[in-house]
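Source file: query13.pdb; contents: PDB, C-alpha atoms (C1' of nucleotides).
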ATOM      1  CA  MET A 207    -235.526 160.514  99.376  1.00  0.00           C
ATOM      2  CA  LYS A 208    -236.464 157.861 101.881  1.00  0.00           C
ATOM      3  CA  ASN A 209    -235.719 154.176 102.291  1.00  0.00           C
ATOM      4  CA  PRO A 210    -237.836 152.395  99.661  1.00  0.00           C
ATOM      5  CA  ILE A 211    -237.813 149.049 101.440  1.00  0.00           C
ATOM      6  CA  THR A 212    -239.174 149.961 104.845  1.00  0.00           C
ATOM      7  CA  GLY A 213    -242.396 148.126 105.382  1.00  0.00           C
ATOM      8  CA  LEU A 214    -241.322 145.070 103.419  1.00  0.00           C
ATOM      9  CA  ASN A 215    -241.739 141.961 105.541  1.00  0.00           C
ATOM     10  CA  LYS A 216    -238.812 139.528 105.616  1.00  0.00           C
ATOM     11  CA  ILE A 217    -241.113 136.533 105.651  1.00  0.00           C
ATOM     12  CA  PHE A 218    -242.423 137.540 102.246  1.00  0.00           C
ATOM     13  CA  ASP A 219    -239.013 137.870 100.609  1.00  0.00           C
ATOM     14  CA  ASN A 220    -239.401 134.309  99.390  1.00  0.00           C
ATOM     15  CA  ARG A 221    -241.205 133.745  96.106  1.00  0.00           C
ATOM     16  CA  ILE A 222    -242.985 130.581  97.181  1.00  0.00           C
ATOM     17  CA  ARG A 223    -244.358 132.150 100.360  1.00  0.00           C
ATOM     18  CA  LEU A 224    -245.320 135.171  98.293  1.00  0.00           C
ATOM     19  CA  GLY A 225    -247.211 132.856  95.969  1.00  0.00           C
ATOM     20  CA  VAL A 226    -248.985 131.005  98.758  1.00  0.00           C
ATOM     21  CA  MET A 227    -250.132 134.238 100.351  1.00  0.00           C
ATOM     22  CA  SER A 228    -251.349 135.843  97.170  1.00  0.00           C
ATOM     23  CA  VAL A 229    -253.309 132.730  96.275  1.00  0.00           C
ATOM     24  CA  LEU A 230    -254.899 132.679  99.704  1.00  0.00           C
ATOM     25  CA  MET A 231    -255.840 136.337  99.501  1.00  0.00           C
ATOM     26  CA  VAL A 232    -258.227 135.573  96.663  1.00  0.00           C
ATOM     27  CA  ASN A 233    -259.256 132.025  97.524  1.00  0.00           C
ATOM     28  CA  GLU A 234    -261.153 131.082 100.636  1.00  0.00           C
ATOM     29  CA  GLU A 235    -258.995 127.980 100.878  1.00  0.00           C
ATOM     30  CA  ILE A 236    -256.790 125.751  98.787  1.00  0.00           C
ATOM     31  CA  SER A 237    -255.610 122.183  99.171  1.00  0.00           C
ATOM     32  CA  PHE A 238    -252.012 121.086  99.578  1.00  0.00           C
ATOM     33  CA  ASN A 239    -252.021 119.351  96.242  1.00  0.00           C
ATOM     34  CA  ASP A 240    -253.567 122.229  94.350  1.00  0.00           C
ATOM     35  CA  LEU A 241    -251.016 124.594  95.826  1.00  0.00           C
ATOM     36  CA  LYS A 242    -248.251 122.209  94.886  1.00  0.00           C
ATOM     37  CA  ALA A 243    -249.447 122.004  91.292  1.00  0.00           C
ATOM     38  CA  LEU A 244    -250.095 125.720  91.037  1.00  0.00           C
ATOM     39  CA  LEU A 245    -246.746 126.861  92.360  1.00  0.00           C
ATOM     40  CA  GLU A 246    -244.868 124.004  90.700  1.00  0.00           C
ATOM     41  CA  VAL A 247    -242.811 123.036  93.728  1.00  0.00           C
ATOM     42  CA  THR A 248    -241.834 119.766  95.370  1.00  0.00           C
ATOM     43  CA  ASP A 249    -244.060 118.655  98.227  1.00  0.00           C
ATOM     44  CA  GLY A 250    -241.288 118.770 100.808  1.00  0.00           C
ATOM     45  CA  ASN A 251    -240.304 122.275  99.880  1.00  0.00           C
ATOM     46  CA  LEU A 252    -243.888 123.483  99.911  1.00  0.00           C
ATOM     47  CA  ALA A 253    -244.478 121.849 103.293  1.00  0.00           C
ATOM     48  CA  THR A 254    -241.603 123.720 104.916  1.00  0.00           C
ATOM     49  CA  HIS A 255    -242.766 127.068 103.582  1.00  0.00           C
ATOM     50  CA  LEU A 256    -246.285 126.354 104.781  1.00  0.00           C
ATOM     51  CA  VAL A 257    -244.909 125.561 108.228  1.00  0.00           C
ATOM     52  CA  THR A 258    -243.070 128.885 108.257  1.00  0.00           C
ATOM     53  CA  LEU A 259    -246.231 130.754 107.361  1.00  0.00           C
ATOM     54  CA  GLU A 260    -248.271 128.824 109.898  1.00  0.00           C
ATOM     55  CA  GLU A 261    -245.703 129.385 112.646  1.00  0.00           C
ATOM     56  CA  ASN A 262    -245.948 133.086 111.992  1.00  0.00           C
ATOM     57  CA  GLY A 263    -249.703 132.907 112.368  1.00  0.00           C
ATOM     58  CA  PHE A 264    -250.386 133.870 108.763  1.00  0.00           C
ATOM     59  CA  LEU A 265    -252.385 130.812 107.819  1.00  0.00           C
ATOM     60  CA  LYS A 266    -254.502 128.116 109.342  1.00  0.00           C
ATOM     61  CA  VAL A 267    -254.725 124.476 108.400  1.00  0.00           C
ATOM     62  CA  HIS A 268    -257.749 122.284 108.053  1.00  0.00           C
ATOM     63  CA  LYS A 269    -257.326 118.536 107.770  1.00  0.00           C
ATOM     64  CA  GLY A 270    -260.386 117.122 106.114  1.00  0.00           C
ATOM     65  CA  PHE A 271    -261.504 114.546 103.573  1.00  0.00           C
ATOM     66  CA  ILE A 272    -262.720 114.368 100.036  1.00  0.00           C
ATOM     67  CA  GLY A 273    -264.785 111.241 100.107  1.00  0.00           C
ATOM     68  CA  ARG A 274    -262.445 108.995 102.018  1.00  0.00           C
ATOM     69  CA  LYS A 275    -259.174 110.559 100.949  1.00  0.00           C
ATOM     70  CA  THR A 276    -257.351 112.927 103.230  1.00  0.00           C
ATOM     71  CA  ASN A 277    -257.454 116.511 102.053  1.00  0.00           C
ATOM     72  CA  THR A 278    -255.546 119.230 103.877  1.00  0.00           C
ATOM     73  CA  THR A 279    -256.552 122.768 103.086  1.00  0.00           C
ATOM     74  CA  TYR A 280    -254.989 126.076 103.971  1.00  0.00           C
ATOM     75  CA  ALA A 281    -256.610 129.426 104.554  1.00  0.00           C
ATOM     76  CA  ILE A 282    -255.321 132.862 105.468  1.00  0.00           C
ATOM     77  CA  THR A 283    -255.779 134.220 108.983  1.00  0.00           C
ATOM     78  CA  ARG A 284    -256.844 137.731 109.936  1.00  0.00           C
ATOM     79  CA  LEU A 285    -253.243 138.470 110.891  1.00  0.00           C
ATOM     80  CA  GLY A 286    -251.990 137.023 107.615  1.00  0.00           C
ATOM     81  CA  GLU A 287    -254.360 139.219 105.652  1.00  0.00           C
ATOM     82  CA  LYS A 288    -253.304 142.309 107.546  1.00  0.00           C
ATOM     83  CA  THR A 289    -249.589 141.625 107.379  1.00  0.00           C
ATOM     84  CA  PHE A 290    -249.626 140.659 103.727  1.00  0.00           C
ATOM     85  CA  SER A 291    -251.683 143.709 102.822  1.00  0.00           C
ATOM     86  CA  GLU A 292    -249.113 145.904 104.477  1.00  0.00           C
ATOM     87  CA  HIS A 293    -246.371 144.155 102.534  1.00  0.00           C
ATOM     88  CA  ILE A 294    -248.208 144.716  99.289  1.00  0.00           C
ATOM     89  CA  ASN A 295    -248.754 148.353 100.099  1.00  0.00           C
ATOM     90  CA  ALA A 296    -245.040 148.693 100.754  1.00  0.00           C
ATOM     91  CA  LEU A 297    -244.328 147.001  97.428  1.00  0.00           C
ATOM     92  CA  GLU A 298    -246.732 149.301  95.639  1.00  0.00           C
ATOM     93  CA  ASN A 299    -245.159 152.367  97.176  1.00  0.00           C
ATOM     94  CA  MET A 300    -241.786 151.134  96.073  1.00  0.00           C
ATOM     95  CA  ILE A 301    -243.073 150.553  92.567  1.00  0.00           C
ATOM     96  CA  LYS A 302    -244.748 153.936  92.514  1.00  0.00           C
ATOM     97  CA  GLY A 303    -241.372 155.510  93.180  1.00  0.00           C
ATOM     98  CA  VAL A 304    -240.036 153.644  90.186  1.00  0.00           C
ATOM     99  CA  LYS A 305    -242.755 154.486  87.687  1.00  0.00           C
TER     100      LYS A 305
ATOM    101  CA  MET L  47    -255.908 129.845  87.917  1.00  0.00           C
ATOM    102  CA  LYS L  48    -252.272 130.129  86.967  1.00  0.00           C
ATOM    103  CA  ASN L  49    -249.018 130.276  88.860  1.00  0.00           C
ATOM    104  CA  PRO L  50    -248.829 133.775  90.344  1.00  0.00           C
ATOM    105  CA  ILE L  51    -245.062 133.782  90.751  1.00  0.00           C
ATOM    106  CA  THR L  52    -243.904 133.043  87.234  1.00  0.00           C
ATOM    107  CA  GLY L  53    -241.924 135.981  85.992  1.00  0.00           C
ATOM    108  CA  LEU L  54    -240.494 136.825  89.378  1.00  0.00           C
ATOM    109  CA  ASN L  55    -236.726 136.979  89.208  1.00  0.00           C
ATOM    110  CA  LYS L  56    -234.776 135.162  91.917  1.00  0.00           C
ATOM    111  CA  ILE L  57    -232.127 137.856  92.084  1.00  0.00           C
ATOM    112  CA  PHE L  58    -234.787 140.321  93.193  1.00  0.00           C
ATOM    113  CA  ASP L  59    -236.143 138.176  96.019  1.00  0.00           C
ATOM    114  CA  ASN L  60    -233.818 140.017  98.361  1.00  0.00           C
ATOM    115  CA  ARG L  61    -235.041 143.260  99.884  1.00  0.00           C
ATOM    116  CA  ILE L  62    -231.724 145.061  99.701  1.00  0.00           C
ATOM    117  CA  ARG L  63    -231.218 144.250  96.029  1.00  0.00           C
ATOM    118  CA  LEU L  64    -234.831 145.261  95.464  1.00  0.00           C
ATOM    119  CA  GLY L  65    -234.071 148.571  97.147  1.00  0.00           C
ATOM    120  CA  VAL L  66    -230.919 149.206  95.150  1.00  0.00           C
ATOM    121  CA  MET L  67    -232.689 148.553  91.876  1.00  0.00           C
ATOM    122  CA  SER L  68    -235.711 150.669  92.619  1.00  0.00           C
ATOM    123  CA  VAL L  69    -233.496 153.567  93.671  1.00  0.00           C
ATOM    124  CA  LEU L  70    -231.491 153.261  90.473  1.00  0.00           C
ATOM    125  CA  MET L  71    -234.611 153.182  88.330  1.00  0.00           C
ATOM    126  CA  VAL L  72    -235.407 156.752  89.366  1.00  0.00           C
ATOM    127  CA  ASN L  73    -231.922 158.127  89.919  1.00  0.00           C
ATOM    128  CA  GLU L  74    -229.342 158.478  87.195  1.00  0.00           C
ATOM    129  CA  GLU L  75    -226.721 157.361  89.707  1.00  0.00           C
ATOM    130  CA  ILE L  76    -226.121 157.124  93.418  1.00  0.00           C
ATOM    131  CA  SER L  77    -222.977 156.887  95.523  1.00  0.00           C
ATOM    132  CA  PHE L  78    -222.028 153.962  97.720  1.00  0.00           C
ATOM    133  CA  ASN L  79    -222.403 156.025 100.854  1.00  0.00           C
ATOM    134  CA  ASP L  80    -225.762 157.480  99.919  1.00  0.00           C
ATOM    135  CA  LEU L  81    -227.066 154.002  99.154  1.00  0.00           C
ATOM    136  CA  LYS L  82    -225.735 152.768 102.459  1.00  0.00           C
ATOM    137  CA  ALA L  83    -227.462 155.552 104.373  1.00  0.00           C
ATOM    138  CA  LEU L  84    -230.683 155.241 102.395  1.00  0.00           C
ATOM    139  CA  LEU L  85    -231.073 151.497 102.772  1.00  0.00           C
ATOM    140  CA  GLU L  86    -229.693 151.467 106.301  1.00  0.00           C
ATOM    141  CA  VAL L  87    -227.316 148.558 105.812  1.00  0.00           C
ATOM    142  CA  THR L  88    -223.739 147.818 106.785  1.00  0.00           C
ATOM    143  CA  ASP L  89    -221.131 148.608 104.165  1.00  0.00           C
ATOM    144  CA  GLY L  90    -219.962 145.021 103.834  1.00  0.00           C
ATOM    145  CA  ASN L  91    -223.440 143.714 103.305  1.00  0.00           C
ATOM    146  CA  LEU L  92    -224.247 146.389 100.753  1.00  0.00           C
ATOM    147  CA  ALA L  93    -221.005 145.684  98.914  1.00  0.00           C
ATOM    148  CA  THR L  94    -221.823 141.999  98.460  1.00  0.00           C
ATOM    149  CA  HIS L  95    -225.298 142.737  97.123  1.00  0.00           C
ATOM    150  CA  LEU L  96    -223.860 145.299  94.732  1.00  0.00           C
ATOM    151  CA  VAL L  97    -221.380 142.700  93.509  1.00  0.00           C
ATOM    152  CA  THR L  98    -224.236 140.266  92.885  1.00  0.00           C
ATOM    153  CA  LEU L  99    -226.122 142.853  90.878  1.00  0.00           C
ATOM    154  CA  GLU L 100    -223.022 143.842  88.955  1.00  0.00           C
ATOM    155  CA  GLU L 101    -222.105 140.234  88.191  1.00  0.00           C
ATOM    156  CA  ASN L 102    -225.550 139.768  86.731  1.00  0.00           C
ATOM    157  CA  GLY L 103    -225.012 142.777  84.522  1.00  0.00           C
ATOM    158  CA  PHE L 104    -227.744 144.815  86.147  1.00  0.00           C
ATOM    159  CA  LEU L 105    -225.619 147.751  87.166  1.00  0.00           C
ATOM    160  CA  LYS L 106    -222.437 149.520  86.285  1.00  0.00           C
ATOM    161  CA  VAL L 107    -219.894 151.096  88.560  1.00  0.00           C
ATOM    162  CA  HIS L 108    -218.092 154.373  88.195  1.00  0.00           C
ATOM    163  CA  LYS L 109    -215.142 155.139  90.415  1.00  0.00           C
ATOM    164  CA  GLY L 110    -214.702 158.870  90.592  1.00  0.00           C
ATOM    165  CA  PHE L 111    -213.879 161.669  92.957  1.00  0.00           C
ATOM    166  CA  ILE L 112    -215.578 164.452  94.816  1.00  0.00           C
ATOM    167  CA  GLY L 113    -212.811 166.974  95.140  1.00  0.00           C
ATOM    168  CA  ARG L 114    -210.035 164.662  96.158  1.00  0.00           C
ATOM    169  CA  LYS L 115    -212.105 162.078  97.955  1.00  0.00           C
ATOM    170  CA  THR L 116    -212.928 158.818  96.243  1.00  0.00           C
ATOM    171  CA  ASN L 117    -216.571 158.535  95.271  1.00  0.00           C
ATOM    172  CA  THR L 118    -217.946 155.354  93.739  1.00  0.00           C
ATOM    173  CA  THR L 119    -221.288 155.642  92.042  1.00  0.00           C
ATOM    174  CA  TYR L 120    -223.647 153.039  90.678  1.00  0.00           C
ATOM    175  CA  ALA L 121    -226.035 153.227  87.779  1.00  0.00           C
ATOM    176  CA  ILE L 122    -228.466 150.796  86.207  1.00  0.00           C
ATOM    177  CA  THR L 123    -227.657 149.135  82.883  1.00  0.00           C
ATOM    178  CA  ARG L 124    -230.026 148.647  79.963  1.00  0.00           C
ATOM    179  CA  LEU L 125    -230.295 144.973  80.924  1.00  0.00           C
ATOM    180  CA  GLY L 126    -230.941 145.874  84.544  1.00  0.00           C
ATOM    181  CA  GLU L 127    -233.725 148.216  83.545  1.00  0.00           C
ATOM    182  CA  LYS L 128    -235.337 145.616  81.339  1.00  0.00           C
ATOM    183  CA  THR L 129    -235.041 142.755  83.805  1.00  0.00           C
ATOM    184  CA  PHE L 130    -236.219 144.803  86.763  1.00  0.00           C
ATOM    185  CA  SER L 131    -239.165 146.159  84.783  1.00  0.00           C
ATOM    186  CA  GLU L 132    -240.221 142.625  84.006  1.00  0.00           C
ATOM    187  CA  HIS L 133    -239.958 141.728  87.661  1.00  0.00           C
ATOM    188  CA  ILE L 134    -242.106 144.681  88.639  1.00  0.00           C
ATOM    189  CA  ASN L 135    -244.682 143.776  86.031  1.00  0.00           C
ATOM    190  CA  ALA L 136    -244.799 140.267  87.450  1.00  0.00           C
ATOM    191  CA  LEU L 137    -245.233 141.722  90.932  1.00  0.00           C
ATOM    192  CA  GLU L 138    -248.010 143.991  89.721  1.00  0.00           C
ATOM    193  CA  ASN L 139    -249.813 141.126  88.086  1.00  0.00           C
ATOM    194  CA  MET L 140    -249.553 139.149  91.272  1.00  0.00           C
ATOM    195  CA  ILE L 141    -250.912 142.069  93.246  1.00  0.00           C
ATOM    196  CA  LYS L 142    -253.693 142.603  90.731  1.00  0.00           C
ATOM    197  CA  GLY L 143    -254.814 139.050  91.363  1.00  0.00           C
ATOM    198  CA  VAL L 144    -254.944 139.849  95.051  1.00  0.00           C
ATOM    199  CA  LYS L 145    -256.860 143.108  94.897  1.00  0.00           C
TER     200      LYS L 145
ATOM    201  C1'  DA D 135    -254.980  89.243 100.421  1.00  0.00           C
ATOM    202  C1'  DA D 136    -251.079  91.462  98.579  1.00  0.00           C
ATOM    203  C1'  DA D 137    -249.156  95.055  96.060  1.00  0.00           C
ATOM    204  C1'  DA D 138    -249.209  99.573  94.341  1.00  0.00           C
ATOM    205  C1'  DA D 139    -250.365 104.203  94.793  1.00  0.00           C
ATOM    206  C1'  DG D 140    -251.882 108.654  97.025  1.00  0.00           C
ATOM    207  C1'  DT D 141    -251.682 112.303 100.802  1.00  0.00           C
ATOM    208  C1'  DA D 142    -249.138 115.089 103.571  1.00  0.00           C
ATOM    209  C1'  DC D 143    -245.883 115.353 105.651  1.00  0.00           C
ATOM    210  C1'  DT D 144    -240.761 114.720 108.307  1.00  0.00           C
ATOM    211  C1'  DT D 145    -236.013 113.848 108.076  1.00  0.00           C
ATOM    212  C1'  DT D 146    -231.635 114.246 106.138  1.00  0.00           C
ATOM    213  C1'  DG D 147    -228.076 116.304 103.731  1.00  0.00           C
ATOM    214  C1'  DT D 148    -226.111 119.733 100.828  1.00  0.00           C
ATOM    215  C1'  DA D 149    -225.426 123.986  98.901  1.00  0.00           C
ATOM    216  C1'  DT D 150    -226.388 128.648  98.929  1.00  0.00           C
ATOM    217  C1'  DT D 151    -227.165 132.870 101.220  1.00  0.00           C
ATOM    218  C1'  DA D 152    -227.280 136.816 104.437  1.00  0.00           C
ATOM    219  C1'  DC D 153    -225.032 139.289 107.466  1.00  0.00           C
ATOM    220  C1'  DA D 154    -221.892 141.391 110.919  1.00  0.00           C
ATOM    221  C1'  DA D 155    -217.494 142.233 112.172  1.00  0.00           C
ATOM    222  C1'  DA D 156    -212.968 142.779 111.359  1.00  0.00           C
ATOM    223  C1'  DG D 157    -209.369 143.584 108.255  1.00  0.00           C
ATOM    224  C1'  DT D 158    -207.259 146.233 104.231  1.00  0.00           C
ATOM    225  C1'  DA D 159    -205.441 149.696 100.675  1.00  0.00           C
ATOM    226  C1'  DT D 160    -205.443 154.178  99.586  1.00  0.00           C
ATOM    227  C1'  DG D 161    -205.826 158.630 100.414  1.00  0.00           C
ATOM    228  C1'  DT D 162    -206.958 163.165 103.230  1.00  0.00           C
ATOM    229  C1'  DG D 163    -207.231 166.590 107.013  1.00  0.00           C
ATOM    230  C1'  DA D 164    -205.438 168.245 111.505  1.00  0.00           C
TER     231       DA D 164
ATOM    232  C1'  DT S 192    -197.850 161.564 112.310  1.00  0.00           C
ATOM    233  C1'  DC S 193    -202.159 160.117 113.667  1.00  0.00           C
ATOM    234  C1'  DA S 194    -206.821 159.744 113.230  1.00  0.00           C
ATOM    235  C1'  DC S 195    -210.391 159.402 109.861  1.00  0.00           C
ATOM    236  C1'  DA S 196    -212.956 158.380 105.390  1.00  0.00           C
ATOM    237  C1'  DT S 197    -214.014 155.441 101.345  1.00  0.00           C
ATOM    238  C1'  DA S 198    -214.929 151.270  99.447  1.00  0.00           C
ATOM    239  C1'  DC S 199    -214.185 147.465  99.656  1.00  0.00           C
ATOM    240  C1'  DT S 200    -212.492 142.035 100.938  1.00  0.00           C
ATOM    241  C1'  DT S 201    -212.105 138.395 104.115  1.00  0.00           C
ATOM    242  C1'  DT S 202    -213.732 135.586 107.645  1.00  0.00           C
ATOM    243  C1'  DG S 203    -216.955 133.176 110.209  1.00  0.00           C
ATOM    244  C1'  DT S 204    -221.524 131.989 111.603  1.00  0.00           C
ATOM    245  C1'  DA S 205    -226.159 131.292 111.299  1.00  0.00           C
ATOM    246  C1'  DA S 206    -230.118 130.916 108.562  1.00  0.00           C
ATOM    247  C1'  DT S 207    -232.266 129.369 104.455  1.00  0.00           C
ATOM    248  C1'  DA S 208    -233.715 126.783 100.316  1.00  0.00           C
ATOM    249  C1'  DC S 209    -234.252 122.780  98.268  1.00  0.00           C
ATOM    250  C1'  DA S 210    -234.304 117.924  96.613  1.00  0.00           C
ATOM    251  C1'  DA S 211    -234.584 113.416  97.766  1.00  0.00           C
ATOM    252  C1'  DA S 212    -235.674 109.872 100.576  1.00  0.00           C
ATOM    253  C1'  DG S 213    -238.239 108.119 104.272  1.00  0.00           C
ATOM    254  C1'  DT S 214    -242.755 107.600 106.900  1.00  0.00           C
ATOM    255  C1'  DA S 215    -247.624 106.647 108.543  1.00  0.00           C
ATOM    256  C1'  DC S 216    -251.826 106.071 107.067  1.00  0.00           C
ATOM    257  C1'  DT S 217    -255.272 104.959 103.886  1.00  0.00           C
ATOM    258  C1'  DT S 218    -257.262 103.514  99.435  1.00  0.00           C
ATOM    259  C1'  DT S 219    -257.381 101.390  95.144  1.00  0.00           C
ATOM    260  C1'  DT S 220    -256.054  97.829  92.096  1.00  0.00           C
ATOM    261  C1'  DT S 221    -255.059  93.126  90.962  1.00  0.00           C
TER     262       DT S 221
END
Do you think you could lay out the structure here as structure tokens?
Amino acid sequence: MKNPITGLNKIFDNRIRLGVMSVLMVNEEISFNDLKALLEVTDGNLATHLVTLEENGFLKVHKGFIGRKTNTTYAITRLGEKTFSEHINALENMIKGVK
Amino acid sequence: MKNPITGLNKIFDNRIRLGVMSVLMVNEEISFNDLKALLEVTDGNLATHLVTLEENGFLKVHKGFIGRKTNTTYAITRLGEKTFSEHINALENMIKGVK
DNA sequence: AAAAAGTACTTTGTATTACAAAGTATGTGA
DNA sequence: TCACATACTTTGTAATACAAAGTACTTTTT
């Protein structure tokens, strides 16, 4: 038997960051407010998790407009895609051991 | 689109607790020392996570002996099995959305 | 023109958590 | 008797999560 949790990334231990990443894997981009509504979190809390993910180079930010209103969107980076994929593979291997 | 992290259990956010549970899903029981070696954690740290899981009713403890040496083993409870299964299903659904 | 509201934060404060390291009780082997 | 093993508990620190309040800027409403 080998350690079932090798390959799990500490950054993705958190459910909110997990949610952000999985949303961004299947959506080209998503706005701050849509993310907030989707994950059902407070704006301050979401903002800090987004900072963490950005600081780690897993997502990139685009500050734009919808009409004249500010609209910040987030997208996954190449590194984010790679790192998150590895995490998911590790999760799947763990689950496979369970099933 | 719906919230991808509903159904994820907070207790299982932690990698070590995740590891303990997934080991106990496929092993009838495992000793403290084997768990410690397998998950590569310090004994104190492991002990606190085991307490958390036990307090939540997810595992049961059996204090026995091997020859004359103390040997504490851990096993999953019915509740633990059910709750962890639900967590894994939630994870799988999240992953499915990603793939 | 003034007031209210929206966006996307930042700051502040609190409570919880993770973890290592050291300490402990009990027993065993040399 | 002394060192070692098991399975913790205690202690202390650092990191984290989170809500709530504050902020800067703009837009919409009245």
Could you list the residues in chain A lying within 10 Å of chain L, using all atoms listed in the file, and format the result as a PyMOL selection string?
chain A and resi 207-212+214-216+218-233+241+243-246+291+294-295+297-298+300-305
Once chain A is superposed on chain L with a least-squares fit on all C-alpha pairs taken in order, can you show it as a short mmCIF file (atom, residue, chain, number, x, y, z; two decimals) with C-alpha atoms, in the coordinates of the input?
data_model
loop_
_atom_site.label_atom_id
_atom_site.label_comp_id
_atom_site.auth_asym_id
_atom_site.auth_seq_id
_atom_site.Cartn_x
_atom_site.Cartn_y
_atom_site.Cartn_z
CA MET A 207 -255.90 129.85 87.89
CA LYS A 208 -252.27 130.14 86.93
CA ASN A 209 -249.00 130.29 88.83
CA PRO A 210 -248.85 133.79 90.34
CA ILE A 211 -245.08 133.81 90.74
CA THR A 212 -243.91 133.07 87.22
CA GLY A 213 -241.92 135.99 85.98
CA LEU A 214 -240.50 136.84 89.38
CA ASN A 215 -236.72 136.99 89.19
CA LYS A 216 -234.79 135.15 91.91
CA ILE A 217 -232.15 137.85 92.07
CA PHE A 218 -234.79 140.31 93.21
CA ASP A 219 -236.13 138.16 96.03
CA ASN A 220 -233.80 140.01 98.37
CA ARG A 221 -235.03 143.25 99.91
CA ILE A 222 -231.71 145.06 99.72
CA ARG A 223 -231.22 144.26 96.04
CA LEU A 224 -234.82 145.26 95.48
CA GLY A 225 -234.07 148.57 97.16
CA VAL A 226 -230.91 149.21 95.16
CA MET A 227 -232.68 148.55 91.89
CA SER A 228 -235.70 150.67 92.64
CA VAL A 229 -233.49 153.56 93.68
CA LEU A 230 -231.49 153.26 90.48
CA MET A 231 -234.62 153.17 88.35
CA VAL A 232 -235.41 156.73 89.36
CA ASN A 233 -231.92 158.12 89.91
CA GLU A 234 -229.34 158.46 87.20
CA GLU A 235 -226.72 157.36 89.70
CA ILE A 236 -226.11 157.11 93.41
CA SER A 237 -222.98 156.88 95.51
CA PHE A 238 -222.02 153.96 97.72
CA ASN A 239 -222.39 156.03 100.84
CA ASP A 240 -225.75 157.47 99.91
CA LEU A 241 -227.05 154.01 99.15
CA LYS A 242 -225.71 152.77 102.45
CA ALA A 243 -227.44 155.55 104.36
CA LEU A 244 -230.65 155.24 102.40
CA LEU A 245 -231.05 151.50 102.77
CA GLU A 246 -229.66 151.48 106.31
CA VAL A 247 -227.30 148.56 105.82
CA THR A 248 -223.72 147.82 106.80
CA ASP A 249 -221.12 148.60 104.16
CA GLY A 250 -219.94 145.02 103.84
CA ASN A 251 -223.43 143.71 103.33
CA LEU A 252 -224.24 146.38 100.77
CA ALA A 253 -221.00 145.68 98.92
CA THR A 254 -221.82 142.00 98.47
CA HIS A 255 -225.29 142.73 97.14
CA LEU A 256 -223.86 145.28 94.74
CA VAL A 257 -221.38 142.69 93.51
CA THR A 258 -224.24 140.26 92.90
CA LEU A 259 -226.13 142.84 90.89
CA GLU A 260 -223.03 143.84 88.96
CA GLU A 261 -222.12 140.22 88.21
CA ASN A 262 -225.56 139.76 86.74
CA GLY A 263 -225.02 142.77 84.52
CA PHE A 264 -227.76 144.82 86.16
CA LEU A 265 -225.62 147.75 87.18
CA LYS A 266 -222.43 149.50 86.28
CA VAL A 267 -219.89 151.10 88.56
CA HIS A 268 -218.10 154.38 88.20
CA LYS A 269 -215.14 155.15 90.43
CA GLY A 270 -214.71 158.88 90.57
CA PHE A 271 -213.89 161.71 92.95
CA ILE A 272 -215.62 164.48 94.80
CA GLY A 273 -212.86 167.00 95.12
CA ARG A 274 -210.06 164.71 96.17
CA LYS A 275 -212.11 162.08 97.94
CA THR A 276 -212.93 158.83 96.23
CA ASN A 277 -216.57 158.54 95.25
CA THR A 278 -217.94 155.35 93.74
CA THR A 279 -221.28 155.63 92.03
CA TYR A 280 -223.64 153.03 90.68
CA ALA A 281 -226.04 153.22 87.79
CA ILE A 282 -228.48 150.79 86.21
CA THR A 283 -227.67 149.13 82.89
CA ARG A 284 -230.03 148.63 79.97
CA LEU A 285 -230.30 144.97 80.92
CA GLY A 286 -230.95 145.88 84.55
CA GLU A 287 -233.74 148.22 83.55
CA LYS A 288 -235.34 145.61 81.34
CA THR A 289 -235.04 142.77 83.81
CA PHE A 290 -236.23 144.80 86.76
CA SER A 291 -239.17 146.15 84.79
CA GLU A 292 -240.23 142.63 84.00
CA HIS A 293 -239.96 141.73 87.67
CA ILE A 294 -242.12 144.68 88.63
CA ASN A 295 -244.69 143.78 86.02
CA ALA A 296 -244.80 140.27 87.44
CA LEU A 297 -245.24 141.72 90.92
CA GLU A 298 -248.02 143.98 89.73
CA ASN A 299 -249.82 141.12 88.06
CA MET A 300 -249.56 139.15 91.25
CA ILE A 301 -250.92 142.07 93.23
CA LYS A 302 -253.70 142.60 90.73
CA GLY A 303 -254.82 139.04 91.36
CA VAL A 304 -254.96 139.85 95.04
CA LYS A 305 -256.90 143.11 94.86
#
Within 10 Å of Lys115 (chain L), counting all atoms listed in the file, which residues qualify if same-chain residues fewer than 2 places away don't, as a list in words?
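Listing them by chain and then by number gives Gly110, Phe111, Ile112, Gly113, Asn117 and Thr118 of chain L; DG161 and DT162 of chain D; DA196 and DT197 of chain S.
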Which polymer residues have any atom within 12 Å of an atom of DT214 (chain S), counting all atoms listed in the file, with same-chain residues fewer than 2 positions away left out, as a PDB file with C-alpha atoms (C1' of nucleotides), keeping the file's coordinate frame?
ATOM      1  C1'  DT D 141    -251.682 112.303 100.802  1.00  0.00           C
ATOM      2  C1'  DA D 142    -249.138 115.089 103.571  1.00  0.00           C
ATOM      3  C1'  DC D 143    -245.883 115.353 105.651  1.00  0.00           C
ATOM      4  C1'  DT D 144    -240.761 114.720 108.307  1.00  0.00           C
ATOM      5  C1'  DT D 145    -236.013 113.848 108.076  1.00  0.00           C
TER       6       DT D 145
ATOM      7  C1'  DA S 212    -235.674 109.872 100.576  1.00  0.00           C
ATOM      8  C1'  DC S 216    -251.826 106.071 107.067  1.00  0.00           C
TER       9       DC S 216
END
Which chain A residues are at most 9 Å from chain S (counting all atoms listed in the file), as a PDB file with C-alpha atoms, in the coordinates of the input?
ATOM      1  CA  THR A 248    -241.834 119.766  95.370  1.00  0.00           C
ATOM      2  CA  GLY A 250    -241.288 118.770 100.808  1.00  0.00           C
ATOM      3  CA  ASN A 251    -240.304 122.275  99.880  1.00  0.00           C
ATOM      4  CA  ARG A 274    -262.445 108.995 102.018  1.00  0.00           C
ATOM      5  CA  LYS A 275    -259.174 110.559 100.949  1.00  0.00           C
ATOM      6  CA  THR A 276    -257.351 112.927 103.230  1.00  0.00           C
TER       7      THR A 276
END
